[in-house]
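Dropping work.txt in here (compact mmCIF, C-alpha atoms and all ligand atoms):
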# COMPACT_ATOMS: atom_id res chain seq x y z
CA MET G 26 125.08 85.61 100.23
CA ILE G 27 121.80 85.33 102.11
CA GLU G 28 119.87 82.09 101.80
CA PHE G 29 116.25 83.20 102.05
CA SER G 30 114.11 80.68 103.93
CA ASP G 31 110.41 80.01 103.36
CA GLU G 32 109.76 82.13 106.42
CA HIS G 33 111.64 85.06 104.87
CA GLN G 34 109.69 84.72 101.62
CA GLN G 35 106.37 84.50 103.44
CA PHE G 36 107.23 87.62 105.40
CA ARG G 37 108.11 89.44 102.17
CA ALA G 38 104.78 88.43 100.62
CA LEU G 39 102.93 89.51 103.76
CA ILE G 40 104.51 92.99 103.77
CA ARG G 41 104.07 93.42 100.01
CA ASP G 42 100.37 92.71 100.41
CA LEU G 43 100.09 95.03 103.42
CA VAL G 44 101.82 97.87 101.56
CA GLU G 45 99.36 97.43 98.72
CA ARG G 46 96.27 97.41 100.96
CA GLU G 47 97.21 99.76 103.77
CA ILE G 48 99.38 102.31 101.92
CA ASN G 49 99.08 102.20 98.12
CA ALA G 50 95.28 102.00 98.11
CA HIS G 51 95.09 105.39 99.90
CA ALA G 52 98.37 107.02 98.92
CA ASP G 53 97.02 109.56 96.42
CA GLU G 54 94.43 110.80 98.89
CA TRP G 55 96.95 111.10 101.75
CA GLU G 56 99.57 112.75 99.53
CA ALA G 57 97.00 115.38 98.57
CA ALA G 58 95.97 115.87 102.22
CA GLY G 59 99.61 116.23 103.33
CA GLU G 60 99.02 113.77 106.15
CA PHE G 61 98.15 110.11 106.69
CA PRO G 62 96.44 108.38 109.65
CA ALA G 63 99.56 107.07 111.38
CA HIS G 64 97.69 105.25 114.15
CA GLN G 65 95.61 103.33 111.61
CA VAL G 66 98.55 102.36 109.39
CA PHE G 67 100.95 101.53 112.22
CA LYS G 68 98.27 99.41 113.89
CA ALA G 69 97.90 97.36 110.71
CA PHE G 70 101.69 96.82 110.56
CA GLY G 71 101.90 96.21 114.30
CA GLU G 72 99.22 93.52 114.13
CA VAL G 73 101.31 91.37 111.79
CA GLY G 74 104.51 91.86 113.80
CA ALA G 75 106.17 94.22 111.32
CA ILE G 76 107.16 96.75 114.01
CA GLY G 77 109.83 95.64 116.48
CA ILE G 78 110.61 92.53 114.43
CA GLU G 79 113.87 92.00 116.30
CA TYR G 80 112.76 93.28 119.69
CA ASP G 81 112.43 91.22 122.82
CA PRO G 82 109.23 89.08 122.77
CA GLU G 83 108.82 89.94 126.46
CA PHE G 84 107.71 93.41 125.31
CA GLY G 85 105.76 92.26 122.26
CA GLY G 86 108.67 92.11 119.80
CA GLY G 87 109.29 89.39 117.23
CA GLY G 88 112.70 88.21 118.47
CA ALA G 89 113.73 87.69 114.83
CA GLU G 90 117.12 88.21 113.17
CA HIS G 91 118.04 91.22 111.07
CA THR G 92 117.26 89.77 107.62
CA PHE G 93 113.59 90.35 108.39
CA THR G 94 114.28 94.06 108.98
CA MET G 95 116.00 94.25 105.61
CA ILE G 96 112.99 92.60 103.96
CA LEU G 97 110.64 95.02 105.71
CA GLY G 98 112.74 97.95 104.48
CA GLU G 99 112.88 96.72 100.88
CA GLU G 100 109.14 96.12 100.77
CA ILE G 101 108.06 99.44 102.28
CA GLY G 102 110.53 101.06 99.86
CA ARG G 103 108.22 99.81 97.09
CA ALA G 104 105.32 101.88 98.47
CA SER G 105 103.83 104.47 96.17
CA SER G 106 104.21 107.08 98.93
CA LEU G 107 107.75 106.99 100.28
CA GLY G 108 106.72 109.49 102.95
CA ILE G 109 104.56 106.83 104.60
CA ALA G 110 107.41 104.32 104.31
CA MET G 111 109.68 106.85 106.02
CA ALA G 112 107.16 107.48 108.81
CA LEU G 113 106.83 103.75 109.42
CA ALA G 114 110.61 103.35 109.47
CA VAL G 115 110.79 106.08 112.13
CA GLN G 116 108.51 103.95 114.28
CA SER G 117 110.30 100.64 113.65
CA ASP G 118 113.97 101.61 113.39
CA MET G 119 114.65 105.25 114.24
CA ALA G 120 112.75 106.26 117.39
CA THR G 121 112.60 102.92 119.23
CA PRO G 122 116.00 101.10 119.01
CA ALA G 123 117.58 103.06 121.88
CA LEU G 124 114.60 102.40 124.15
CA HIS G 125 114.83 98.70 123.31
CA SER G 126 118.59 98.54 123.90
CA PHE G 127 118.94 100.78 126.94
CA GLY G 128 115.52 101.40 128.51
CA THR G 129 114.40 100.04 131.87
CA PRO G 130 111.78 97.23 131.82
CA GLU G 131 109.19 99.70 133.22
CA LEU G 132 109.88 102.23 130.46
CA LYS G 133 109.70 99.53 127.79
CA GLU G 134 106.43 98.23 129.20
CA LYS G 135 104.89 101.70 129.12
CA TYR G 136 106.23 103.02 125.81
CA LEU G 137 107.88 100.29 123.73
CA ARG G 138 105.12 97.68 123.93
CA PRO G 139 102.41 100.05 122.58
CA ALA G 140 104.79 101.31 119.89
CA ILE G 141 105.43 97.74 118.72
CA ALA G 142 101.68 97.05 118.71
CA GLY G 143 101.05 100.22 116.71
CA ASP G 144 98.91 101.68 119.50
CA MET G 145 101.30 104.59 120.06
CA VAL G 146 102.96 106.68 117.36
CA THR G 147 106.55 107.70 117.99
CA ALA G 148 108.97 110.35 116.72
CA ILE G 149 112.69 110.96 116.96
CA GLY G 150 113.66 114.43 118.15
CA VAL G 151 117.29 115.25 117.39
CA SER G 152 117.49 118.10 114.83
CA GLU G 153 116.98 121.73 115.84
CA PRO G 154 116.76 125.02 113.96
CA ASP G 155 120.49 125.64 114.56
CA ALA G 156 121.72 122.04 114.72
CA GLY G 157 121.08 119.50 111.96
CA SER G 158 124.25 117.93 110.59
CA ASP G 159 126.15 119.02 113.69
CA VAL G 160 124.27 117.09 116.38
CA ALA G 161 126.73 118.23 119.04
CA ALA G 162 125.35 121.77 118.62
CA ILE G 163 121.87 121.01 119.99
CA ARG G 164 120.60 123.37 122.68
CA THR G 165 117.33 121.88 123.98
CA ARG G 166 117.93 121.45 127.67
CA ALA G 167 116.49 119.40 130.53
CA VAL G 168 117.21 120.67 134.03
CA ARG G 169 116.62 118.34 136.94
CA ASP G 170 114.15 119.41 139.62
CA GLY G 171 113.87 116.58 142.13
CA GLU G 172 112.52 113.56 140.30
CA GLU G 173 111.51 115.54 137.23
CA TRP G 174 113.21 116.99 134.17
CA VAL G 175 112.12 120.50 133.19
CA ILE G 176 112.61 120.75 129.42
CA ASN G 177 112.97 123.91 127.32
CA GLY G 178 113.88 124.27 123.66
CA SER G 179 112.69 123.29 120.20
CA LYS G 180 113.11 120.56 117.61
CA LEU G 181 112.75 121.00 113.86
CA TRP G 182 111.95 118.58 111.01
CA ILE G 183 110.30 116.02 113.26
CA THR G 184 108.65 113.24 111.24
CA ASN G 185 105.32 112.10 112.79
CA GLY G 186 105.58 115.26 114.92
CA LEU G 187 101.90 116.11 114.58
CA GLN G 188 100.67 112.65 115.53
CA ALA G 189 103.30 111.28 117.90
CA ASP G 190 102.28 110.03 121.35
CA TRP G 191 105.88 110.20 122.50
CA VAL G 192 109.17 111.56 121.25
CA CYS G 193 112.60 110.03 121.79
CA LEU G 194 114.20 113.36 122.66
CA LEU G 195 117.92 114.09 122.62
CA CYS G 196 118.73 117.03 124.87
CA ARG G 197 121.36 118.55 127.12
CA THR G 198 121.26 117.49 130.76
CA SER G 199 124.49 119.14 131.91
CA ASP G 200 126.69 122.11 131.04
CA GLU G 201 129.59 120.00 129.73
CA GLY G 202 128.96 121.01 126.09
CA GLY G 203 129.98 119.34 122.82
CA TYR G 204 129.35 115.59 122.68
CA LYS G 205 129.13 115.35 126.45
CA GLY G 206 126.25 115.81 128.84
CA MET G 207 123.35 114.78 126.60
CA SER G 208 120.59 112.34 127.47
CA GLN G 209 117.75 110.62 125.66
CA ILE G 210 114.35 111.05 127.27
CA VAL G 211 110.95 109.57 126.41
CA VAL G 212 108.73 112.62 126.19
CA PRO G 213 104.95 112.01 126.14
CA THR G 214 103.31 114.62 123.94
CA ASN G 215 100.28 114.98 126.22
CA SER G 216 102.49 116.62 128.85
CA GLU G 217 101.88 120.24 129.72
CA GLY G 218 104.44 122.51 128.06
CA PHE G 219 104.59 120.53 124.82
CA SER G 220 103.28 122.04 121.62
CA VAL G 221 103.55 121.73 117.86
CA SER G 222 104.67 125.16 116.65
CA ARG G 223 104.12 124.49 112.96
CA LYS G 224 103.66 121.90 110.27
CA LEU G 225 106.22 122.13 107.46
CA ASP G 226 105.21 122.30 103.80
CA LYS G 227 107.75 120.11 101.98
CA LEU G 228 108.94 119.43 98.44
CA GLY G 229 108.33 115.70 98.78
CA MET G 230 107.39 112.99 101.29
CA ARG G 231 104.17 114.96 101.38
CA ALA G 232 101.95 112.37 103.07
CA SER G 233 104.34 112.32 106.02
CA ASP G 234 103.76 115.09 108.55
CA THR G 235 106.88 116.99 109.59
CA ALA G 236 106.74 119.42 112.49
CA GLU G 237 108.53 121.93 114.58
CA LEU G 238 108.08 121.11 118.26
CA ALA G 239 108.32 123.46 121.23
CA PHE G 240 109.09 122.57 124.86
CA ASN G 241 108.24 125.22 127.41
CA ASP G 242 108.91 124.20 131.02
CA MET G 243 107.69 120.74 130.11
CA ARG G 244 107.94 118.35 133.06
CA VAL G 245 108.81 114.70 132.54
CA PRO G 246 109.80 112.12 135.19
CA VAL G 247 113.53 111.44 135.43
CA GLU G 248 112.63 107.75 135.17
CA ASN G 249 111.76 108.45 131.50
CA THR G 250 115.49 108.77 130.76
CA ILE G 251 116.64 106.10 128.33
CA GLY G 252 119.82 104.43 129.57
CA GLU G 253 122.48 106.35 131.40
CA ILE G 254 122.13 110.07 132.08
CA GLY G 255 124.87 111.81 130.05
CA ARG G 256 125.25 109.01 127.46
CA GLY G 257 122.56 110.30 125.10
CA PHE G 258 124.87 111.34 122.28
CA GLN G 259 126.58 107.95 122.16
CA GLN G 260 123.25 106.10 122.34
CA GLN G 261 121.87 108.27 119.54
CA MET G 262 124.92 107.58 117.37
CA ASN G 263 124.10 103.88 117.81
CA GLN G 264 120.47 104.50 116.93
CA PHE G 265 121.56 106.32 113.76
CA GLN G 266 123.08 103.07 112.46
CA ASN G 267 119.63 101.43 112.49
CA GLU G 268 118.17 104.56 110.86
CA ARG G 269 120.73 104.54 108.05
CA MET G 270 120.36 100.84 107.32
CA ILE G 271 116.56 100.92 107.15
CA ALA G 272 116.88 103.90 104.79
CA ALA G 273 119.31 101.96 102.58
CA TYR G 274 117.06 98.87 102.58
CA GLN G 275 114.14 101.04 101.47
CA MET G 276 116.15 102.51 98.64
CA VAL G 277 116.98 99.05 97.27
CA GLY G 278 113.26 98.29 97.11
CA ALA G 279 112.46 101.70 95.66
CA VAL G 280 115.11 101.61 92.93
CA GLU G 281 114.28 98.01 92.04
CA LEU G 282 110.61 98.86 91.47
CA ALA G 283 111.40 102.10 89.60
CA LEU G 284 113.76 100.20 87.30
CA GLU G 285 111.11 97.56 86.55
CA ARG G 286 108.45 100.16 85.88
CA THR G 287 110.68 102.35 83.72
CA SER G 288 111.85 99.40 81.59
CA GLN G 289 108.26 98.30 81.09
CA TYR G 290 107.20 101.78 80.03
CA LEU G 291 110.06 101.98 77.55
CA LYS G 292 109.18 98.60 76.06
CA ASP G 293 105.68 99.87 75.33
CA ARG G 294 106.46 103.43 74.27
CA GLN G 295 107.20 103.77 70.56
CA ALA G 296 109.36 106.46 68.92
CA PHE G 297 111.20 106.47 65.58
CA GLY G 298 109.46 103.22 64.62
CA ALA G 299 110.64 101.14 67.60
CA PRO G 300 110.20 100.85 71.36
CA LEU G 301 112.24 103.50 73.20
CA LEU G 302 114.05 100.72 75.05
CA ALA G 303 115.63 99.67 71.73
CA ASN G 304 117.98 102.67 72.09
CA GLN G 305 121.34 101.58 73.43
CA ALA G 306 121.84 104.96 75.11
CA ILE G 307 118.83 104.20 77.32
CA GLN G 308 119.69 100.52 77.78
CA TYR G 309 123.19 101.38 79.00
CA GLU G 310 121.99 103.89 81.59
CA LEU G 311 119.44 101.43 82.98
CA ALA G 312 121.98 98.57 82.88
CA ASP G 313 124.44 100.73 84.79
CA ILE G 314 121.83 101.59 87.44
CA SER G 315 120.93 97.90 87.68
CA ALA G 316 124.62 96.99 88.19
CA HIS G 317 124.93 99.54 91.00
CA LEU G 318 121.71 98.24 92.54
CA GLU G 319 123.11 94.72 92.58
CA VAL G 320 126.30 95.84 94.32
CA LEU G 321 124.26 97.78 96.86
CA ARG G 322 121.99 94.81 97.52
CA HIS G 323 125.01 92.61 98.20
CA HIS G 324 126.53 95.29 100.39
CA ASN G 325 123.31 95.31 102.42
CA TRP G 326 123.50 91.54 102.75
CA ALA G 327 127.02 91.92 104.13
CA ALA G 328 125.67 94.51 106.58
CA VAL G 329 122.96 92.09 107.69
CA ALA G 330 125.57 89.37 108.28
CA ALA G 331 127.76 91.79 110.26
CA PHE G 332 124.78 92.98 112.30
CA ASN G 333 123.67 89.42 113.05
CA ALA G 334 127.24 88.61 114.12
CA GLY G 335 127.09 91.49 116.62
CA GLN G 336 129.75 93.55 114.83
CA ASP G 337 129.95 97.34 114.65
CA ILE G 338 128.16 98.28 111.42
CA THR G 339 129.05 101.98 111.33
CA ARG G 340 131.02 101.65 108.11
CA HIS G 341 128.42 99.43 106.44
CA ALA G 342 125.58 101.78 107.41
CA THR G 343 127.45 104.89 106.29
CA VAL G 344 128.44 103.46 102.88
CA ALA G 345 124.94 102.05 102.37
CA LYS G 346 123.18 105.32 103.22
CA LEU G 347 125.48 107.42 101.02
CA LEU G 348 125.49 105.23 97.93
CA SER G 349 121.84 104.22 98.06
CA ALA G 350 120.71 107.85 98.32
CA ARG G 351 122.83 108.77 95.32
CA LEU G 352 121.57 105.79 93.32
CA ALA G 353 117.95 106.63 94.16
CA ARG G 354 118.47 110.19 92.91
CA ARG G 355 120.01 108.88 89.70
CA MET G 356 117.13 106.45 89.20
CA ALA G 357 114.58 109.18 89.87
CA ASP G 358 116.21 111.42 87.29
CA ALA G 359 116.26 108.60 84.72
CA ALA G 360 112.61 107.74 85.44
CA VAL G 361 111.46 111.31 84.83
CA GLN G 362 113.71 111.75 81.79
CA TYR G 363 112.68 108.52 80.03
CA HIS G 364 108.99 109.06 80.68
CA GLY G 365 109.31 112.44 78.93
CA GLY G 366 106.36 114.73 79.59
CA MET G 367 104.57 111.81 81.25
CA GLY G 368 107.26 111.83 83.91
CA TYR G 369 106.65 115.47 84.69
CA VAL G 370 102.97 115.33 85.57
CA GLU G 371 101.45 114.45 88.91
CA ASP G 372 99.24 111.77 87.30
CA ASN G 373 102.25 109.46 86.98
CA TRP G 374 104.55 107.96 89.59
CA PRO G 375 107.95 109.39 88.46
CA ALA G 376 107.11 112.96 89.55
CA ARG G 377 106.39 111.95 93.16
CA PHE G 378 109.30 109.51 93.15
CA PHE G 379 111.61 112.31 92.01
CA ARG G 380 110.49 114.61 94.84
CA ASP G 381 110.47 111.92 97.52
CA THR G 382 113.88 110.40 96.80
CA ARG G 383 115.58 113.81 96.95
CA LEU G 384 115.26 113.75 100.72
CA TRP G 385 117.50 110.74 101.21
CA SER G 386 120.69 112.70 100.48
CA ILE G 387 119.69 115.17 103.23
CA GLY G 388 117.69 113.42 105.98
CA GLY G 389 119.27 111.00 108.44
CA GLY G 390 122.65 112.62 107.83
CA ALA G 391 123.41 114.39 104.54
CA ASP G 392 125.71 112.80 101.94
CA GLU G 393 128.53 115.06 103.11
CA VAL G 394 128.03 113.94 106.70
CA MET G 395 128.33 110.31 105.52
CA LEU G 396 131.56 111.25 103.71
CA ARG G 397 132.83 113.04 106.80
CA THR G 398 132.20 109.91 108.86
CA LEU G 399 133.90 107.68 106.27
CA ALA G 400 136.90 109.98 106.05
CA ARG G 401 137.38 109.58 109.80
CA LEU G 402 137.12 105.78 109.78
CA GLU G 403 139.92 103.43 108.82
CA PRO G 404 141.37 102.94 106.23
CA ILE G 405 141.41 106.72 105.60
CA GLY G 406 141.50 107.83 109.22
CA ALA G 407 141.66 111.58 108.51
C1 LIG G 501 111.49 115.65 105.55
C2 LIG G 501 112.48 115.62 106.67
C3 LIG G 501 112.27 114.76 107.73
C4 LIG G 501 113.17 114.74 108.81
N1 LIG G 501 112.89 113.98 109.91
C5 LIG G 501 113.63 114.14 111.02
C6 LIG G 501 113.24 113.51 112.26
O1 LIG G 501 112.25 112.77 112.32
N2 LIG G 501 113.99 113.75 113.36
C7 LIG G 501 115.09 114.55 113.34
O2 LIG G 501 115.73 114.72 114.38
N3 LIG G 501 115.49 115.16 112.19
C8 LIG G 501 114.78 114.97 111.05
N4 LIG G 501 115.16 115.60 109.88
C9 LIG G 501 116.33 116.47 109.89
C10 LIG G 501 117.49 115.96 109.06
O3 LIG G 501 118.14 114.89 109.71
C11 LIG G 501 118.40 117.17 108.80
O4 LIG G 501 117.72 117.98 107.86
C12 LIG G 501 119.77 116.78 108.29
O5 LIG G 501 120.50 116.13 109.29
C13 LIG G 501 120.55 118.02 107.80
O6 LIG G 501 120.53 119.03 108.75
P1 LIG G 501 120.11 120.53 108.33
O7 LIG G 501 118.85 120.43 107.55
O8 LIG G 501 120.14 121.37 109.53
O9 LIG G 501 121.24 120.97 107.32
P2 LIG G 501 122.62 121.69 107.70
O10 LIG G 501 123.26 121.00 108.83
O11 LIG G 501 122.38 123.15 107.78
O12 LIG G 501 123.47 121.37 106.39
C14 LIG G 501 123.08 121.89 105.12
C15 LIG G 501 123.87 121.18 104.05
O13 LIG G 501 125.26 121.47 104.22
C16 LIG G 501 126.04 120.38 103.78
N5 LIG G 501 126.92 119.96 104.89
C17 LIG G 501 126.61 119.76 106.19
N6 LIG G 501 127.70 119.39 106.89
C18 LIG G 501 128.74 119.38 106.01
C19 LIG G 501 130.13 119.08 106.13
N7 LIG G 501 130.69 118.70 107.28
N8 LIG G 501 130.90 119.17 105.01
C20 LIG G 501 130.36 119.54 103.82
N9 LIG G 501 129.05 119.82 103.66
C21 LIG G 501 128.25 119.74 104.73
C22 LIG G 501 125.06 119.26 103.38
O14 LIG G 501 124.89 119.29 101.98
C23 LIG G 501 123.77 119.66 104.08
O15 LIG G 501 122.63 119.18 103.40
C24 LIG G 501 114.31 115.57 108.78
C25 LIG G 501 114.52 116.41 107.68
C26 LIG G 501 113.62 116.46 106.65
C27 LIG G 501 113.87 117.43 105.52
Any chance you could put this one into structure tokens?
Amino acid sequence: MIEFSDEHQQFRALIRDLVEREINAHADEWEAAGEFPAHQVFKAFGEVGAIGIEYDPEFGGGGAEHTFTMILGEEIGRASSLGIAMALAVQSDMATPALHSFGTPELKEKYLRPAIAGDMVTAIGVSEPDAGSDVAAIRTRAVRDGEEWVINGSKLWITNGLQADWVCLLCRTSDEGGYKGMSQIVVPTNSEGFSVSRKLDKLGMRASDTAELAFNDMRVPVENTIGEIGRGFQQQMNQFQNERMIAAYQMVGAVELALERTSQYLKDRQAFGAPLLANQAIQYELADISAHLEVLRHHNWAAVAAFNAGQDITRHATVAKLLSARLARRMADAAVQYHGGMGYVEDNWPARFFRDTRLWSIGGGADEVMLRTLARLEPIGA
């Protein structure tokens, strides 16, 4: 059980207000444009300390405990464009944790501080055309030439890829192959040899830009390496735990709001001489979703406690990501179904919600990849 303090509640109110003003007020326009002004939005969140909440105050972070990250996740999950919530989560919890944990003070000063402030937009570059679920199959390579890396290869599906000032790049730095010989490198996008090959046209998360990136003899100082050369895979696996938890926190917020809105609609909508919500068939489905949401919320609280206690949260993060993605899909289906034709038109929220939530069972590790991880952990230990 988490005892929420006044400070927690104030932070929740602050983010809810910010989501309303900085995201929801413009969401329709940015969804239609297929892009949102990341620098503007991240700056607004950076100014109130919502990026790098837990990071070291020496580099501009908030030095707070993990409950605040959960609150941030739940509140951005209530945004009317989940693509913008995802883009923001990339900045706060997917592209920057490794730099915070393993980067040198100089690297943090140059790249982490402006990311926390919202002055620089970041991206996480792991997936490639031939390596998504199987991260060990990546081929992008950095070859050392004196004090520089020379990088060649490509990355696919990169969120914020069109607007990023730097990418946390996972690439090969030796010929060892498999899980070995990878490193994480901070790659500034204004370097020669970097280009955006294309912008992807997606089913959902439409306000978030997603790009294919190309690296052609791109030169980056070796001092931009995050942590130990050759430990990139392991560091990225760590970073994935943050990514999966912030995704699960968002889904709690998203499902909670969708449940409230759907119930309200069904109270108002009349059919067969009564509100639609009077039908037990509908009540039971929504009650079942609400029960699953409650279990998930408590699971997330347990994850927060484990994280704050410095424990390995791999199992928590994997269970949370898998079950929250499935619950969000179920909620999205119910929202469209129970709104009838009104759920199928772009004028109303369920249509976008349906498209956006579909990503969560694919991005950040597909459901099957979560199951594969769980099957390998105790108590199954396959
Ligand atoms: C909108 C969007 C944003 C993204 N943002 C980023 C980003 O910012 N940075 C980044 O690096 N990546 C990003 N990704 C990539 C994302 O993480 C990958 O799409 C995901 O990991 C799946 O990889 P893949 O698409 O190559 O699918 P594949 O690896 O080809 O897998 C296809 C499907 O096969 C099934 N599958 C895979 N493995 C197994 C298995 N072992 N057993 C059974 N079934 C399996 C799953 O259903 C999976 O969906 C993003 C993707 C999207 C769509």
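Shortest atom-to-atom contact with ligand LIG 501 (chain G) among G:Phe265, G:Trp174, G:Trp326, G:Phe93: G:Phe265, counting all atoms listed in the file.
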Step by step, measure atom-to-atom distances between ligand LIG 501 (chain G) and each residue using only C-alpha atoms and all ligand atoms, keep those at most 8 Å, then write them as a VMD selection string.
chain G and resid 115 148 to 159 180 to 186 227 229 to 230 233 235 384 386 to 394 397
CA of Tyr80 in chain G to CA of His125 in chain G, distance in Å rounded to a single decimal
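According to the coordinates, CA of Tyr80 in chain G and CA of His125 in chain G are separated by 6.8 Å.
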Spatial sel., origin (130.2, 111.9, 128.5), limit 6 Å, only C-alpha atoms, listed as a VMD selection string:
chain G and resid 205 to 206 255 to 256
Which polymer residues have any atom within 8 Å of an atom of Val361 in chain G, counting all atoms listed in the file, with same-chain residues fewer than 4 positions away left out, as a VMD selection string?
chain G and resid 357 365 367 to 369 375 to 376 379
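Near range 249-251 of chain G, within a cut-off of 6 Å and counting only C-alpha atoms, sit the residues Leu124, Phe127, Gly128, Gln209, Ile210, Val211 and Pro246 of chain G, with same-chain residues fewer than 3 positions away left out.
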Output file for the selection above: C-alpha atoms, as a PDB file, keeping the file's coordinate frame:
ATOM      1  CA  LEU G 124     114.600 102.400 124.150  1.00  0.00           C
ATOM      2  CA  PHE G 127     118.940 100.780 126.940  1.00  0.00           C
ATOM      3  CA  GLY G 128     115.520 101.400 128.510  1.00  0.00           C
ATOM      4  CA  GLN G 209     117.750 110.620 125.660  1.00  0.00           C
ATOM      5  CA  ILE G 210     114.350 111.050 127.270  1.00  0.00           C
ATOM      6  CA  VAL G 211     110.950 109.570 126.410  1.00  0.00           C
ATOM      7  CA  PRO G 246     109.800 112.120 135.190  1.00  0.00           C
TER       8      PRO G 246
END
Within 7 Å of range 162-165 of chain G using all atoms listed in the file, minus same-chain residues under 6 positions, as a PyMOL selection string:
chain G and resi 153+156+177-179+196-197+203
Kindly provide the residues of range 112-166 of chain G that approach range 68-71 of chain G to within 12 Å, each paired with its closest atom pair and their distance in Å to one decimal, based on all atoms listed in the file, listed by chain and increasing number, as a tab-separated table.
residue	atom	partner	partner_atom	distance
G:Leu113	CA	G:Phe70	CA	8.7
G:Ala114	CA	G:Phe70	CA	11.1
G:Gln116	CA	G:Gly71	CA	10.2
G:Ser117	CA	G:Gly71	CA	9.5
G:Leu137	CA	G:Gly71	CA	11.9
G:Arg138	CA	G:Gly71	CA	10.3
G:Pro139	CA	G:Gly71	CA	9.1
G:Ala140	CA	G:Gly71	CA	8.1
G:Ile141	CA	G:Gly71	CA	5.9
G:Ala142	CA	G:Gly71	CA	4.5
G:Gly143	CA	G:Lys68	CA	4.0
G:Asp144	CA	G:Lys68	CA	6.1
G:Met145	CA	G:Lys68	CA	8.6
G:Val146	CA	G:Lys68	CA	9.3
Can you pull out every residue within 8 Å of Leu284 in chain G, counting all atoms listed in the file, but drop anything in the same chain fewer than 3 positions away, and send it as a ChimeraX atom specification?
/G:280-281,287-288,311,315,356,360
